[in-house]
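Heads up, coords.csv below (CSV, C-alpha atoms):
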chain,number,residue,atom,x,y,z
D,1,MET,CA,3.4,16.9,-9.4
D,2,TYR,CA,2.3,16.5,-13.0
D,3,ASP,CA,3.6,19.5,-14.8
D,4,ALA,CA,5.5,18.6,-18.0
D,5,GLU,CA,8.3,21.2,-17.5
D,6,ARG,CA,9.3,19.7,-14.1
D,7,ILE,CA,9.0,16.1,-15.4
D,8,HIS,CA,11.1,16.9,-18.5
D,9,ALA,CA,13.8,18.6,-16.3
D,10,ILE,CA,14.2,15.5,-14.1
D,11,LEU,CA,14.3,13.2,-17.1
D,12,ASP,CA,16.9,15.3,-18.8
D,13,ALA,CA,19.1,15.3,-15.7
D,14,ALA,CA,19.1,11.5,-15.3
D,15,TYR,CA,21.5,9.1,-17.0
D,16,VAL,CA,19.6,5.9,-16.6
D,17,CYS,CA,16.0,4.8,-16.0
D,18,HIS,CA,14.7,1.6,-14.4
D,19,VAL,CA,12.2,-0.2,-16.6
D,20,GLY,CA,9.6,-2.4,-14.9
D,21,PHE,CA,7.5,-5.1,-16.6
D,22,ALA,CA,5.9,-8.3,-15.5
D,23,ILE,CA,5.8,-11.7,-17.1
D,24,ASP,CA,3.3,-14.2,-15.6
D,25,GLY,CA,3.0,-12.0,-12.5
D,26,GLN,CA,6.8,-11.9,-11.9
D,27,PRO,CA,8.0,-8.3,-12.1
D,28,TYR,CA,11.4,-7.4,-13.5
D,29,VAL,CA,13.2,-4.1,-13.0
D,30,ILE,CA,16.1,-3.4,-15.4
D,31,PRO,CA,18.4,-0.4,-15.5
D,32,THR,CA,18.8,1.0,-19.0
D,33,ALA,CA,19.7,4.0,-21.2
D,34,PHE,CA,16.9,6.3,-22.4
D,35,GLY,CA,16.3,9.5,-24.3
D,36,ARG,CA,13.4,12.0,-24.6
D,37,VAL,CA,12.0,13.8,-27.6
D,38,GLY,CA,9.1,16.0,-26.6
D,39,ASN,CA,6.4,14.0,-24.9
D,40,LEU,CA,8.0,10.6,-25.9
D,41,VAL,CA,10.5,8.6,-24.0
D,42,PHE,CA,12.6,6.1,-25.9
D,43,ILE,CA,14.1,3.2,-23.9
D,44,HIS,CA,16.7,0.8,-25.0
D,45,GLY,CA,15.2,-2.5,-26.0
D,46,SER,CA,18.2,-4.7,-25.2
D,47,ALA,CA,17.3,-4.4,-21.5
D,48,ALA,CA,13.8,-5.5,-22.3
D,49,SER,CA,14.7,-8.3,-24.7
D,50,ARG,CA,13.1,-10.8,-22.4
D,51,MET,CA,10.0,-8.8,-22.5
D,52,LEU,CA,10.2,-8.3,-26.2
D,53,ARG,CA,10.7,-11.9,-26.9
D,54,SER,CA,7.5,-12.8,-25.1
D,55,LEU,CA,5.4,-9.9,-26.2
D,56,ALA,CA,5.2,-8.7,-29.7
D,57,GLN,CA,2.4,-6.3,-29.0
D,58,GLY,CA,2.3,-3.3,-26.6
D,59,VAL,CA,3.3,-4.1,-23.1
D,60,ALA,CA,2.4,-2.5,-19.8
D,61,VAL,CA,5.6,-0.9,-18.3
D,62,CYS,CA,6.6,1.4,-15.5
D,63,VAL,CA,9.7,3.5,-16.2
D,64,THR,CA,11.3,5.3,-13.2
D,65,MET,CA,14.1,7.9,-13.1
D,66,THR,CA,15.6,8.8,-9.7
D,67,LEU,CA,18.1,11.5,-8.8
D,68,ILE,CA,19.6,11.6,-5.3
D,69,ASP,CA,20.2,15.1,-4.1
D,70,GLY,CA,21.1,14.7,-0.4
D,71,LEU,CA,21.3,12.6,2.7
D,72,VAL,CA,18.8,14.0,5.3
D,73,LEU,CA,20.2,13.4,8.7
D,74,ALA,CA,17.7,13.9,11.6
D,75,ARG,CA,17.9,13.6,15.3
D,76,SER,CA,15.6,10.6,15.3
D,77,ALA,CA,16.0,7.5,13.2
D,78,PHE,CA,12.4,7.8,12.0
D,79,ARG,CA,12.9,11.2,10.5
D,80,HIS,CA,16.0,10.3,8.4
D,81,SER,CA,15.3,10.7,4.7
D,82,MET,CA,16.8,11.5,1.4
D,83,ASN,CA,16.4,14.5,-0.8
D,84,TYR,CA,15.6,13.3,-4.3
D,85,ARG,CA,13.7,14.0,-7.5
D,86,SER,CA,12.0,11.1,-9.2
D,87,VAL,CA,9.6,10.5,-12.1
D,88,VAL,CA,7.3,7.5,-12.5
D,89,ILE,CA,5.9,6.9,-15.9
D,90,LEU,CA,3.1,4.3,-16.4
D,91,GLY,CA,1.9,3.2,-19.8
D,92,THR,CA,2.1,0.9,-22.7
D,93,ALA,CA,5.4,0.7,-24.6
D,94,ARG,CA,5.4,0.0,-28.3
D,95,LEU,CA,8.3,-1.4,-30.3
D,96,VAL,CA,9.7,1.3,-32.7
D,97,THR,CA,9.7,-0.3,-36.1
D,98,ASP,CA,9.8,2.7,-38.5
D,99,PRO,CA,13.4,3.2,-39.5
D,100,SER,CA,13.4,6.9,-39.4
D,101,GLU,CA,11.8,7.0,-35.9
D,102,LYS,CA,14.3,4.4,-34.7
D,103,LEU,CA,17.2,6.5,-36.0
D,104,GLU,CA,15.8,9.5,-34.2
D,105,ALA,CA,15.6,7.4,-31.0
D,106,LEU,CA,19.2,6.3,-31.3
D,107,ARG,CA,20.3,9.9,-31.9
D,108,CYS,CA,18.4,10.8,-28.8
D,109,PHE,CA,20.1,8.1,-26.6
D,110,THR,CA,23.5,9.3,-27.7
D,111,ASN,CA,22.9,13.0,-27.3
D,112,HIS,CA,21.1,12.4,-24.0
D,113,VAL,CA,24.4,11.5,-22.4
D,114,VAL,CA,26.6,13.9,-24.4
D,115,PRO,CA,24.8,16.6,-26.4
D,116,GLY,CA,26.1,16.8,-29.9
D,117,ARG,CA,27.9,13.4,-29.7
D,118,TRP,CA,25.7,11.8,-32.4
D,119,GLU,CA,26.9,14.4,-34.9
D,120,GLU,CA,30.6,13.6,-34.2
D,121,VAL,CA,30.6,9.8,-34.3
D,122,ARG,CA,29.9,7.2,-36.9
D,123,GLN,CA,26.2,6.6,-37.1
D,124,PRO,CA,24.7,3.1,-37.1
D,125,ASN,CA,25.0,0.9,-40.1
D,126,HIS,CA,22.2,-1.4,-41.3
D,127,LYS,CA,23.4,-4.4,-39.2
D,128,GLU,CA,23.8,-2.2,-36.1
D,129,MET,CA,20.3,-0.8,-36.6
D,130,LEU,CA,18.8,-4.3,-36.8
D,131,SER,CA,20.6,-5.5,-33.7
D,132,THR,CA,19.1,-2.7,-31.5
D,133,SER,CA,15.6,-2.6,-30.4
D,134,VAL,CA,13.9,0.5,-29.1
D,135,LEU,CA,10.7,1.0,-27.2
D,136,ALA,CA,8.6,4.2,-27.2
D,137,LEU,CA,6.5,5.3,-24.2
D,138,PRO,CA,4.4,8.5,-24.1
D,139,LEU,CA,4.6,10.8,-21.1
D,140,ASP,CA,0.8,10.8,-20.8
D,141,GLU,CA,0.7,9.2,-17.3
D,142,ALA,CA,3.8,10.6,-15.6
D,143,SER,CA,4.2,12.0,-12.1
D,144,ALA,CA,7.2,13.6,-10.3
D,145,LYS,CA,8.0,13.4,-6.6
D,146,VAL,CA,10.5,15.8,-5.1
D,147,ARG,CA,11.9,16.0,-1.5
D,148,SER,CA,14.1,18.9,-0.6
D,149,GLY,CA,15.1,20.9,2.4
D,150,PRO,CA,16.1,20.1,6.0
D,151,PRO,CA,15.1,17.2,8.2
D,152,LEU,CA,11.7,17.6,9.9
D,153,ASP,CA,12.5,16.7,13.5
D,154,ILE,CA,9.9,17.0,16.2
D,155,GLU,CA,10.5,19.9,18.5
D,156,ASP,CA,11.2,17.6,21.5
D,157,ASP,CA,14.3,16.3,19.6
D,158,TRP,CA,15.9,19.7,18.8
D,159,SER,CA,18.0,19.7,21.9
D,160,LEU,CA,19.5,16.3,21.4
D,161,PRO,CA,23.3,16.5,21.1
D,162,VAL,CA,23.5,15.2,17.6
D,163,TRP,CA,24.2,17.0,14.3
D,164,ALA,CA,21.3,17.2,11.9
D,165,GLY,CA,20.9,18.7,8.5
D,166,VAL,CA,21.5,17.8,4.8
D,167,VAL,CA,24.6,16.4,3.2
D,168,PRO,CA,24.4,17.3,-0.5
D,169,VAL,CA,25.0,14.5,-2.9
D,170,GLN,CA,26.4,15.4,-6.3
D,171,THR,CA,27.5,13.6,-9.4
D,172,GLN,CA,31.1,14.4,-10.3
D,173,PHE,CA,33.1,13.4,-13.3
D,174,GLY,CA,36.7,12.2,-13.0
D,175,GLU,CA,39.4,12.9,-15.6
D,176,PRO,CA,38.5,11.3,-18.9
D,177,ILE,CA,40.5,8.1,-19.6
D,178,PRO,CA,41.3,7.8,-23.3
D,179,ASP,CA,41.3,4.3,-24.8
D,180,SER,CA,44.5,3.1,-26.6
D,181,HIS,CA,43.5,4.2,-30.1
D,182,VAL,CA,42.8,7.9,-29.9
D,183,SER,CA,44.5,9.6,-32.9
D,184,PRO,CA,47.2,12.2,-32.2
D,185,GLY,CA,45.8,15.7,-32.0
D,186,VAL,CA,42.2,14.7,-31.1
D,187,PRO,CA,41.1,16.9,-28.2
D,188,VAL,CA,39.7,15.3,-25.1
D,189,VAL,CA,35.9,15.5,-24.7
D,190,ASP,CA,34.9,18.7,-22.8
D,191,LYS,CA,33.4,17.9,-19.4
D,192,SER,CA,31.0,20.8,-19.6
D,193,ARG,CA,29.2,18.9,-22.3
D,194,PHE,CA,27.9,16.2,-20.0
D,195,THR,CA,27.7,18.0,-16.6
D,196,ARG,CA,24.1,18.3,-15.6
X,1,MET,CA,27.5,-13.2,-11.7
X,2,TYR,CA,26.1,-14.9,-8.7
X,3,ASP,CA,28.7,-14.8,-6.0
X,4,ALA,CA,27.5,-13.4,-2.7
X,5,GLU,CA,30.6,-11.3,-2.0
X,6,ARG,CA,30.2,-9.3,-5.1
X,7,ILE,CA,26.5,-8.9,-4.7
X,8,HIS,CA,26.9,-7.8,-1.1
X,9,ALA,CA,29.5,-5.2,-2.2
X,10,ILE,CA,27.2,-3.6,-4.8
X,11,LEU,CA,24.3,-3.5,-2.3
X,12,ASP,CA,26.5,-1.9,0.4
X,13,ALA,CA,27.6,0.8,-2.0
X,14,ALA,CA,24.1,1.8,-3.2
X,15,TYR,CA,22.0,4.4,-1.4
X,16,VAL,CA,18.6,3.4,-2.9
X,17,CYS,CA,17.0,0.5,-4.7
X,18,HIS,CA,14.1,0.3,-7.2
X,19,VAL,CA,11.3,-2.0,-6.1
X,20,GLY,CA,9.2,-3.5,-8.8
X,21,PHE,CA,5.8,-5.2,-8.2
X,22,ALA,CA,2.7,-5.7,-10.3
X,23,ILE,CA,-0.9,-5.2,-9.5
X,24,ASP,CA,-3.4,-6.6,-12.1
X,25,GLY,CA,-0.6,-6.8,-14.6
X,26,GLN,CA,0.4,-3.2,-14.3
X,27,PRO,CA,4.0,-3.0,-13.0
X,28,TYR,CA,5.2,-0.3,-10.6
X,29,VAL,CA,8.8,0.7,-10.0
X,30,ILE,CA,9.4,2.8,-6.8
X,31,PRO,CA,12.7,4.1,-5.5
X,32,THR,CA,13.2,3.5,-1.8
X,33,ALA,CA,15.7,3.1,1.0
X,34,PHE,CA,17.0,-0.3,2.0
X,35,GLY,CA,19.4,-2.2,4.2
X,36,ARG,CA,21.1,-5.6,4.2
X,37,VAL,CA,21.7,-8.0,7.1
X,38,GLY,CA,23.6,-11.1,5.9
X,39,ASN,CA,21.5,-12.8,3.2
X,40,LEU,CA,18.4,-10.6,3.8
X,41,VAL,CA,17.5,-7.3,2.2
X,42,PHE,CA,15.0,-5.1,4.1
X,43,ILE,CA,13.1,-2.6,2.0
X,44,HIS,CA,11.1,0.4,3.3
X,45,GLY,CA,7.4,-0.4,3.1
X,46,SER,CA,6.1,3.1,2.6
X,47,ALA,CA,7.2,2.9,-1.0
X,48,ALA,CA,5.3,-0.3,-1.3
X,49,SER,CA,2.2,0.8,0.6
X,50,ARG,CA,0.1,0.4,-2.5
X,51,MET,CA,1.3,-3.2,-2.8
X,52,LEU,CA,0.9,-3.8,1.0
X,53,ARG,CA,-2.6,-2.5,1.0
X,54,SER,CA,-3.7,-4.9,-1.7
X,55,LEU,CA,-1.6,-7.9,-0.6
X,56,ALA,CA,-1.4,-9.1,2.9
X,57,GLN,CA,0.6,-12.2,2.0
X,58,GLY,CA,3.9,-12.6,0.3
X,59,VAL,CA,4.2,-10.7,-3.0
X,60,ALA,CA,6.5,-11.3,-6.0
X,61,VAL,CA,9.0,-8.5,-6.3
X,62,CYS,CA,12.1,-7.5,-8.2
X,63,VAL,CA,14.5,-5.2,-6.4
X,64,THR,CA,17.3,-3.6,-8.4
X,65,MET,CA,20.3,-1.6,-7.3
X,66,THR,CA,22.3,0.3,-9.9
X,67,LEU,CA,25.6,2.2,-9.6
X,68,ILE,CA,26.9,4.2,-12.6
X,69,ASP,CA,30.7,4.2,-12.8
X,70,GLY,CA,31.4,5.8,-16.1
X,71,LEU,CA,30.2,7.2,-19.4
X,72,VAL,CA,31.7,5.0,-22.2
X,73,LEU,CA,32.3,7.2,-25.3
X,74,ALA,CA,33.0,5.3,-28.4
X,75,ARG,CA,33.7,6.3,-32.0
X,76,SER,CA,30.4,4.9,-33.2
X,77,ALA,CA,27.0,5.7,-31.8
X,78,PHE,CA,26.3,2.0,-31.5
X,79,ARG,CA,29.3,1.2,-29.2
X,80,HIS,CA,28.4,3.9,-26.6
X,81,SER,CA,27.7,2.4,-23.3
X,82,MET,CA,28.0,3.0,-19.5
X,83,ASN,CA,30.2,1.4,-17.0
X,84,TYR,CA,28.0,0.2,-14.1
X,85,ARG,CA,27.4,-2.3,-11.4
X,86,SER,CA,23.9,-3.6,-10.8
X,87,VAL,CA,22.1,-6.3,-8.8
X,88,VAL,CA,18.7,-7.7,-9.6
X,89,ILE,CA,17.0,-9.7,-6.9
X,90,LEU,CA,13.9,-11.7,-7.6
X,91,GLY,CA,11.8,-13.2,-4.9
X,92,THR,CA,8.8,-13.0,-2.6
X,93,ALA,CA,8.9,-10.3,-0.1
X,94,ARG,CA,7.2,-10.8,3.3
X,95,LEU,CA,6.0,-8.1,5.7
X,96,VAL,CA,8.1,-8.0,8.8
X,97,THR,CA,5.8,-8.2,11.8
X,98,ASP,CA,8.1,-9.4,14.6
X,99,PRO,CA,9.0,-6.3,16.6
X,100,SER,CA,12.6,-7.2,17.2
X,101,GLU,CA,13.2,-8.1,13.5
X,102,LYS,CA,11.5,-4.8,12.6
X,103,LEU,CA,13.7,-2.8,14.9
X,104,GLU,CA,16.8,-4.6,13.4
X,105,ALA,CA,15.6,-3.7,9.9
X,106,LEU,CA,15.2,0.0,10.9
X,107,ARG,CA,18.6,0.0,12.5
X,108,CYS,CA,19.9,-1.4,9.3
X,109,PHE,CA,18.2,1.3,7.1
X,110,THR,CA,19.8,4.1,9.2
X,111,ASN,CA,23.2,2.6,9.4
X,112,HIS,CA,23.2,1.7,5.7
X,113,VAL,CA,23.4,5.4,4.9
X,114,VAL,CA,25.7,6.5,7.8
X,115,PRO,CA,27.3,3.6,9.7
X,116,GLY,CA,26.8,4.1,13.5
X,117,ARG,CA,24.1,6.7,13.1
X,118,TRP,CA,21.4,4.6,14.7
X,119,GLU,CA,23.4,4.5,17.9
X,120,GLU,CA,23.6,8.3,18.0
X,121,VAL,CA,20.0,9.3,17.4
X,122,ARG,CA,16.7,8.8,19.1
X,123,GLN,CA,15.4,5.4,18.3
X,124,PRO,CA,11.8,4.9,17.1
X,125,ASN,CA,9.0,5.1,19.7
X,126,HIS,CA,6.0,2.8,19.6
X,127,LYS,CA,3.9,5.1,17.3
X,128,GLU,CA,6.8,5.5,14.9
X,129,MET,CA,7.3,1.8,14.8
X,130,LEU,CA,3.7,1.3,13.9
X,131,SER,CA,3.7,3.8,11.1
X,132,THR,CA,6.6,2.2,9.3
X,133,SER,CA,6.2,-0.9,7.3
X,134,VAL,CA,9.2,-3.1,6.3
X,135,LEU,CA,9.5,-5.9,3.8
X,136,ALA,CA,12.1,-8.6,3.9
X,137,LEU,CA,13.5,-10.3,0.8
X,138,PRO,CA,16.1,-13.1,0.8
X,139,LEU,CA,19.1,-12.8,-1.6
X,140,ASP,CA,18.5,-16.4,-2.8
X,141,GLU,CA,17.8,-15.4,-6.4
X,142,ALA,CA,20.1,-12.5,-7.0
X,143,SER,CA,22.5,-11.7,-9.9
X,144,ALA,CA,25.0,-9.0,-10.5
X,145,LYS,CA,26.0,-7.4,-13.8
X,146,VAL,CA,29.1,-5.3,-14.2
X,147,ARG,CA,30.5,-3.4,-17.1
X,148,SER,CA,33.9,-1.9,-16.8
X,149,GLY,CA,36.8,-0.8,-19.1
X,150,PRO,CA,37.1,1.1,-22.3
X,151,PRO,CA,34.7,1.3,-25.3
X,152,LEU,CA,34.9,-1.7,-27.7
X,153,ASP,CA,35.1,0.1,-31.0
X,154,ILE,CA,35.6,-2.0,-34.2
X,155,GLU,CA,39.1,-1.7,-35.7
X,156,ASP,CA,37.7,0.2,-38.8
X,157,ASP,CA,36.6,3.0,-36.5
X,158,TRP,CA,40.0,3.5,-34.6
X,159,SER,CA,41.2,6.1,-37.1
X,160,LEU,CA,38.1,8.4,-36.8
X,161,PRO,CA,39.1,11.8,-35.5
X,162,VAL,CA,36.9,11.7,-32.4
X,163,TRP,CA,37.9,11.2,-28.7
X,164,ALA,CA,37.0,7.9,-27.2
X,165,GLY,CA,37.4,6.5,-23.7
X,166,VAL,CA,35.7,6.5,-20.3
X,167,VAL,CA,34.6,9.4,-18.3
X,168,PRO,CA,34.5,8.3,-14.6
X,169,VAL,CA,31.3,9.1,-12.8
X,170,GLN,CA,31.6,9.5,-9.0
X,171,THR,CA,29.3,10.4,-6.2
X,172,GLN,CA,30.6,13.4,-4.3
X,173,PHE,CA,29.3,15.0,-1.1
X,174,GLY,CA,29.0,18.7,-0.7
X,175,GLU,CA,29.5,20.7,2.6
X,176,PRO,CA,26.9,19.5,5.2
X,177,ILE,CA,24.2,22.1,5.7
X,178,PRO,CA,23.1,22.2,9.3
X,179,ASP,CA,19.4,22.7,10.1
X,180,SER,CA,18.4,25.7,12.3
X,181,HIS,CA,18.4,23.7,15.6
X,182,VAL,CA,21.8,22.2,15.9
X,183,SER,CA,23.0,22.7,19.5
X,184,PRO,CA,26.2,24.7,20.1
X,185,GLY,CA,29.3,22.6,20.2
X,186,VAL,CA,27.8,19.6,18.3
X,187,PRO,CA,30.4,18.6,15.7
X,188,VAL,CA,29.4,18.3,12.1
X,189,VAL,CA,29.0,14.8,10.8
X,190,ASP,CA,32.2,13.4,9.4
X,191,LYS,CA,32.0,12.9,5.6
X,192,SER,CA,34.3,9.8,5.8
X,193,ARG,CA,31.4,8.0,7.5
X,194,PHE,CA,29.2,8.0,4.4
X,195,THR,CA,31.7,8.0,1.6
X,196,ARG,CA,31.6,4.7,-0.2

Let me see whether you can do it: turn the structure in this file into structure tokens.
Amino acid sequence: MYDAERIHAILDAAYVCHVGFAIDGQPYVIPTAFGRVGNLVFIHGSAASRMLRSLAQGVAVCVTMTLIDGLVLARSAFRHSMNYRSVVILGTARLVTDPSEKLEALRCFTNHVVPGRWEEVRQPNHKEMLSTSVLALPLDEASAKVRSGPPLDIEDDWSLPVWAGVVPVQTQFGEPIPDSHVSPGVPVVDKSRFTR
Amino acid sequence: MYDAERIHAILDAAYVCHVGFAIDGQPYVIPTAFGRVGNLVFIHGSAASRMLRSLAQGVAVCVTMTLIDGLVLARSAFRHSMNYRSVVILGTARLVTDPSEKLEALRCFTNHVVPGRWEEVRQPNHKEMLSTSVLALPLDEASAKVRSGPPLDIEDDWSLPVWAGVVPVQTQFGEPIPDSHVSPGVPVVDKSRFTR
């Protein structure tokens, strides 16, 4: 599926992406944080430092986001599956060098995980800005794949004495664990802010 | 980290992997099921069909498993992070052609998700075996990365009036949803079997 609305919804629900790139024919797949602004995905360059060191210009990448929604248990081994939503983006990533675009990308990383967080915390100073690298990738060549619903057993297997169906898989948040420096009276972060 | 015990533990806790390969310099990253037997990872070939069609011989791949354990909320945007465990495997995948090794790989896929499931369900017939392709990849060049613990704010930020700490991220299973053909009296699958 190629509609932007569906692709955006999957991206906005994912916490990390997997960035693929190749150096001398050897592929690398690195998990990293990301954010989206309109038709542009920003990926965290630290994960791609190896790539960035070797390639100053644009680089062919594949960025994939995957959400697991359920275990699909069938009556035959062959029909076992998973329910999932995924997006695969192909394209050429460019290094973000413009300071205001870079700041926007960093805002977008932070608020992707907890909306509004950027506005509450100390924003990056000059040194922090320099030590972060950011890549931008347009969503021009992106496709979504979705599997949902029950297993698709063949009729001959229906009578087998084994349970079949879907076990929903959900992401759950535990009780927030404060670090040892939280000032008195500061309220704990509200879970509803990061629940997808 | 390179110790086998830690790498195996991360693999055994993950439901999917991301397989990276390159064709003519364009990388692809595809989420897919996998299983592990000792020092060997089996990956589902359907995800790599594009690769398999173009390459009959061994192919350079990178296979990455990622588990998100927590959102790390700091007092500065720059120090935000995630707690995670990941494994990156580099190597050359080979197509599994030996029928008994292929059957073992399929058993391993099924039991990776629900231990013991293979022994309960109908095993693949000849046609199903032929329509599945499986790749094998040794864990010879595998490394694990783990981040855990609280945010690492600089001391100057400790007094900022913002909550900081870790929000644990967990995978939870919903109530199993039977399909419309479960025979009367068949017990629902026990959640403890797939809880990691």

Nearest to Arg147 of chain D by atom-to-atom distance, counting all atoms listed in the file, from D:Asp69, D:Glu5, D:Asp190, D:Glu119: D:Asp69

Distance-based interface of chain X with chain D, 7 Å, counting all atoms listed in the file, as an NGL selection string: :X and (20-22 or 25-29 or 31 or 60-64 or 66 or 75-78 or 110 or 118 or 120-124 or 128 or 150 or 158-159 or 161-179 or 181-183 or 186-189)

Atom CA of Ala93 of chain X to atom CA of Glu141 of chain D, straight-line distance in Å: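 Straight-line distance from atom CA of Glu141 of chain D to atom CA of Ala93 of chain X works out to 27.3 Å.
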
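Relative to atom CA of Leu137 of chain X, atom CA of Ile7 of chain X is found at 14.2 Å.
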
Atomic distance atom CA of Ile154 of chain D - atom CA of Glu101 of chain X, expressed in Å with one decimal: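 Interatomic distance, atom CA of Ile154 of chain D to atom CA of Glu101 of chain X: 25.5 Å.
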
Would you kindly place N, CA and C atoms on segment 59-78 of chain X and return the model as a short mmCIF file (atom, residue, chain, number, x, y, z; two decimals), keeping the file's coordinate frame?
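File produced: rebuild_23.cif:
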data_model
loop_
_atom_site.label_atom_id
_atom_site.label_comp_id
_atom_site.auth_asym_id
_atom_site.auth_seq_id
_atom_site.Cartn_x
_atom_site.Cartn_y
_atom_site.Cartn_z
N VAL X 59 4.48 -11.31 -1.68
CA VAL X 59 4.20 -10.70 -3.00
C VAL X 59 5.52 -10.84 -3.84
N ALA X 60 5.34 -11.18 -5.10
CA ALA X 60 6.50 -11.30 -6.00
C ALA X 60 7.05 -9.90 -6.28
N VAL X 61 8.33 -9.74 -6.04
CA VAL X 61 9.00 -8.50 -6.30
C VAL X 61 10.26 -8.65 -7.06
N CYS X 62 10.72 -7.56 -7.62
CA CYS X 62 12.10 -7.50 -8.20
C CYS X 62 12.69 -6.24 -7.60
N VAL X 63 13.84 -6.38 -6.97
CA VAL X 63 14.50 -5.20 -6.40
C VAL X 63 15.87 -5.07 -7.06
N THR X 64 16.11 -3.87 -7.58
CA THR X 64 17.30 -3.60 -8.40
C THR X 64 18.10 -2.44 -7.82
N MET X 65 19.40 -2.65 -7.69
CA MET X 65 20.30 -1.60 -7.30
C MET X 65 21.27 -1.32 -8.45
N THR X 66 21.50 -0.05 -8.74
CA THR X 66 22.30 0.30 -9.90
C THR X 66 23.33 1.40 -9.51
N LEU X 67 24.59 1.19 -9.80
CA LEU X 67 25.60 2.20 -9.60
C LEU X 67 26.23 2.54 -10.95
N ILE X 68 26.26 3.81 -11.30
CA ILE X 68 26.90 4.20 -12.60
C ILE X 68 28.32 4.60 -12.30
N ASP X 69 29.23 3.96 -13.01
CA ASP X 69 30.70 4.20 -12.80
C ASP X 69 31.34 5.00 -13.86
N GLY X 70 30.72 5.07 -15.05
CA GLY X 70 31.40 5.80 -16.10
C GLY X 70 30.57 5.94 -17.36
N LEU X 71 30.82 7.01 -18.10
CA LEU X 71 30.20 7.20 -19.40
C LEU X 71 31.26 6.58 -20.41
N VAL X 72 30.82 5.66 -21.25
CA VAL X 72 31.70 5.00 -22.20
C VAL X 72 31.47 5.61 -23.57
N LEU X 73 32.41 6.45 -24.00
CA LEU X 73 32.30 7.20 -25.30
C LEU X 73 33.08 6.50 -26.35
N ALA X 74 32.36 6.01 -27.35
CA ALA X 74 33.00 5.30 -28.40
C ALA X 74 33.06 6.14 -29.69
N ARG X 75 33.63 5.59 -30.75
CA ARG X 75 33.70 6.30 -32.00
C ARG X 75 32.50 6.09 -32.90
N SER X 76 31.69 5.13 -32.53
CA SER X 76 30.40 4.90 -33.20
C SER X 76 29.31 5.03 -32.22
N ALA X 77 28.16 5.51 -32.67
CA ALA X 77 27.00 5.70 -31.80
C ALA X 77 26.66 4.33 -31.12
N PHE X 78 26.71 3.27 -31.91
CA PHE X 78 26.30 2.00 -31.50
C PHE X 78 27.10 1.42 -30.30
#
